[in-house]
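K.L.:
Just passing along the structure, written as structure tokens.
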Amino acid sequence: MADRVTVIGWDGSPLTAAARSALSAATLVAGAAHHLALPEVPPGAERVRLGSVDLAARRIAGHRGTAVVLADGDPGFFGVVRTLRAPEHGLEVEVVPAVSPVAAAFARAGMPWEDARIVVAHQRTLRRAVNVCRAHPKVAVLTSPGAGPAELALLLDGVHRTFVVCEELGTDREQVSVLTSDKAADHSWRDPNVVLVIGGTGGGTPGPPWLMGQDPAARQVRGWGLPAEEYDPTGPGAHTGAGEDPSLRAAQLARLGPRTGDLVWDIGCAGGAFSVEAARFGAAVIAVDIDPAACARTEQAARRHGVPLQTVPGRAPHVLESLPEPDVVRIAAGGVPVVTACTDRRPERIVAHASTRDEAEAIGAALADGGYTVESLLLQTVGLDPADWSERERSVVFLLAGRRTDTPHG
């Protein structure tokens with residue numbers, strides 16, 4: 001095993017004294033081509049081109065001498081340190097960090113970034129990275145070949161964002177471009193790059209930040225399954241029915257479990273209560289309704305609660321054909337044809353509701369036929385007047401929840 005392993009971050013600035021000292025004593029240096037070309041690399045040191053970090057780690061583990069690994073930015077931030085410290089390699093490392101590409105990108109943009117979400121996009125995680133960009137107003141995307149600014153822009157179709165694309169930070173070829181997301185797909189971009197995706201702020205007055213990665217203006221309301229009037233500004237009780245009962249909504253959210261990186265379809269969004277609550281969990285939301293006024297109410301509710309979401313007016317199931325792939329779906333309108341259209345898209349979970357047993361049986365059968373394990377419940381809620389415990393209102397509804405049978409996790 002190497003006698004000592006030092007990981008040095010490089011951001012284009014002159015190396016620190018500690019970095020130069022470690023590098024001058026190295027008998028093996030691993031890094032990308034531009035790292036290995038640095039004049040401080042000892043001419044007699046063994047050089048390892050850093051493609052697969054796992055392969056390089058095995059070379060280092062078998063090396064007798066002093067090893068240095070060169071990496072861009074802060075190597076402990078989505079970098080090589082995690083792989084080098086994996087138990088199978090048995091390496092103990094010292095780290096000399098530099099400015100991370102994310103910090104450098106926000107510095108170039110002149111923006112604070114404690115409220116930013118940071119995601120890594122490669123071909124396997126690109127869709128989930130895009131969903132984070134849909135759901136949050138400030139996201140830094142660490143890209144990779146095949147999952148760069150153009151691909152982000154294409155998958156954000158219909159969602160307006162501003163892109164700050166930082167190419168080859170710290171090099172003499174560095175370039176920073178600011179453009180709208182609909183223009184980013186028309187360019188060819190150089191790797192490596194970092195993309196800041198900005199926009200979609202729901203409103204509200206920013207408060208002092210205290211938690212990394214959170215928008216201080218959003219998600220301040222405590223609890224879920226709140227009364228519909230918390231979301232619909234047109235007045236208490238407006239646009240509600242059995243399908244909009246807060247207890248049903250809470251049960252639906254519990255079974256869908258929307259989370260950061262997910263895309264939620266809310267079909268039949270009505271006043272926007274479910275859409276907004278799903279967005280408050282950090283998920284991206286597309287709210288669909290045949291009534292443009294319902295879409296407008298949903299957008300207004302989202303602004304009031306400081307969460308971004310997208311509305312799509314149109315009749316389901318036809319309007320669903322052009323939407324990006326969902327992770328979880330809530331169906332509040334359209335019945336069996338919409339359920340069948342959704343099962344064809346293979347989301348992990350689907351919830352629907354029905355007012356009659358016949359309708360519930362038909363929806364449950366459609367979910368089962370589509371390859372979903374079905375849970376059926378009859379939910380009854382009774383609102384009581386606390387003054388005399390008399391009944392104020394009653395809601396009785398069937399809840400159908402489907403979980404895809406081939407989902408590898410719960």
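We label chains A, B, ... in the order they appear in the structure tokens, count residues from 1 in each chain, and number ligands from 1 in the order shown.
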Counting only C-alpha atoms, what is within 12 Å of range 319-321 of chain A, bar same-chain residues fewer than 4 positions away, as an NGL selection string?
P.N.:
:A and (265-268 or 286-290 or 311-315 or 325-326 or 329 or 331 or 334 or 337-345)
K.L.:
Could you pull out the strand (DSSP E or B) residues of range 48-85 of chain A, going by DSSP on the backbone, and write them as a PyMOL selection string?
P.N.:
chain A and resi 48-49+66-72
K.L.:
Please list as a PDB file with C-alpha atoms, in the first residue's frame every residue within 8 Å of Gly272 in chain A, counting only C-alpha atoms and excluding residues in the same chain fewer than 2 positions away.
P.N.:
```pdb
ATOM      1  CA  TYR A 231     -54.910  26.911  -0.575  1.00  0.00           C
ATOM      2  CA  ASP A 232     -57.913  28.239  -2.484  1.00  0.00           C
ATOM      3  CA  CYS A 269     -56.037  19.562  -9.530  1.00  0.00           C
ATOM      4  CA  ALA A 270     -59.192  21.613  -8.683  1.00  0.00           C
ATOM      5  CA  PHE A 274     -52.841  18.411  -3.296  1.00  0.00           C
ATOM      6  CA  SER A 275     -50.427  19.905  -5.835  1.00  0.00           C
ATOM      7  CA  VAL A 276     -49.097  22.453  -3.367  1.00  0.00           C
ATOM      8  CA  ALA A 287     -51.014  19.778 -12.162  1.00  0.00           C
ATOM      9  CA  ALA A 294     -58.638  25.329 -11.858  1.00  0.00           C
ATOM     10  CA  CYS A 295     -55.109  25.643 -13.245  1.00  0.00           C
ATOM     11  CA  ARG A 297     -56.294  28.664  -8.869  1.00  0.00           C
ATOM     12  CA  THR A 298     -53.535  26.085  -8.491  1.00  0.00           C
ATOM     13  CA  GLU A 299     -50.901  28.544  -9.709  1.00  0.00           C
ATOM     14  CA  ALA A 301     -52.093  28.671  -4.396  1.00  0.00           C
ATOM     15  CA  ALA A 302     -48.512  27.767  -5.318  1.00  0.00           C
TER      16      ALA A 302
END
```
K.L.:
So which one's closest to Ala278 in chain A, A:Ala135, A:Ala316, A:Val159, A:Leu15? Using only C-alpha atoms, please.
P.N.:
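Checking each of A:Ala135, A:Ala316, A:Val159, A:Leu15 against Ala278 in chain A, counting only C-alpha atoms, the winner is A:Ala135.
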K.L.:
Pick out the closest residue to Gly44 in chain A from this set: A:Pro87, A:Ala61, A:Pro386, A:Ala26. Count only C-alpha atoms.
P.N.:
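Smallest separation from Gly44 in chain A among the options: A:Ala26.
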K.L.:
Taking only C-alpha atoms into account, produce a table as CSV in which each residue of range 20-50 of chain A with an atom at most 10 Å from an atom of range 72-84 of chain A appears once, together with its shortest atom pair and the distance in Å to one decimal, ordered by chain and rising number.
P.N.:
```
residue,atom,partner,partner_atom,distance
A:Gly31,CA,A:Asp72,CA,9.1
A:Ala32,CA,A:Asp72,CA,8.9
A:His34,CA,A:Asp72,CA,9.9
A:His35,CA,A:Asp72,CA,8.5
```
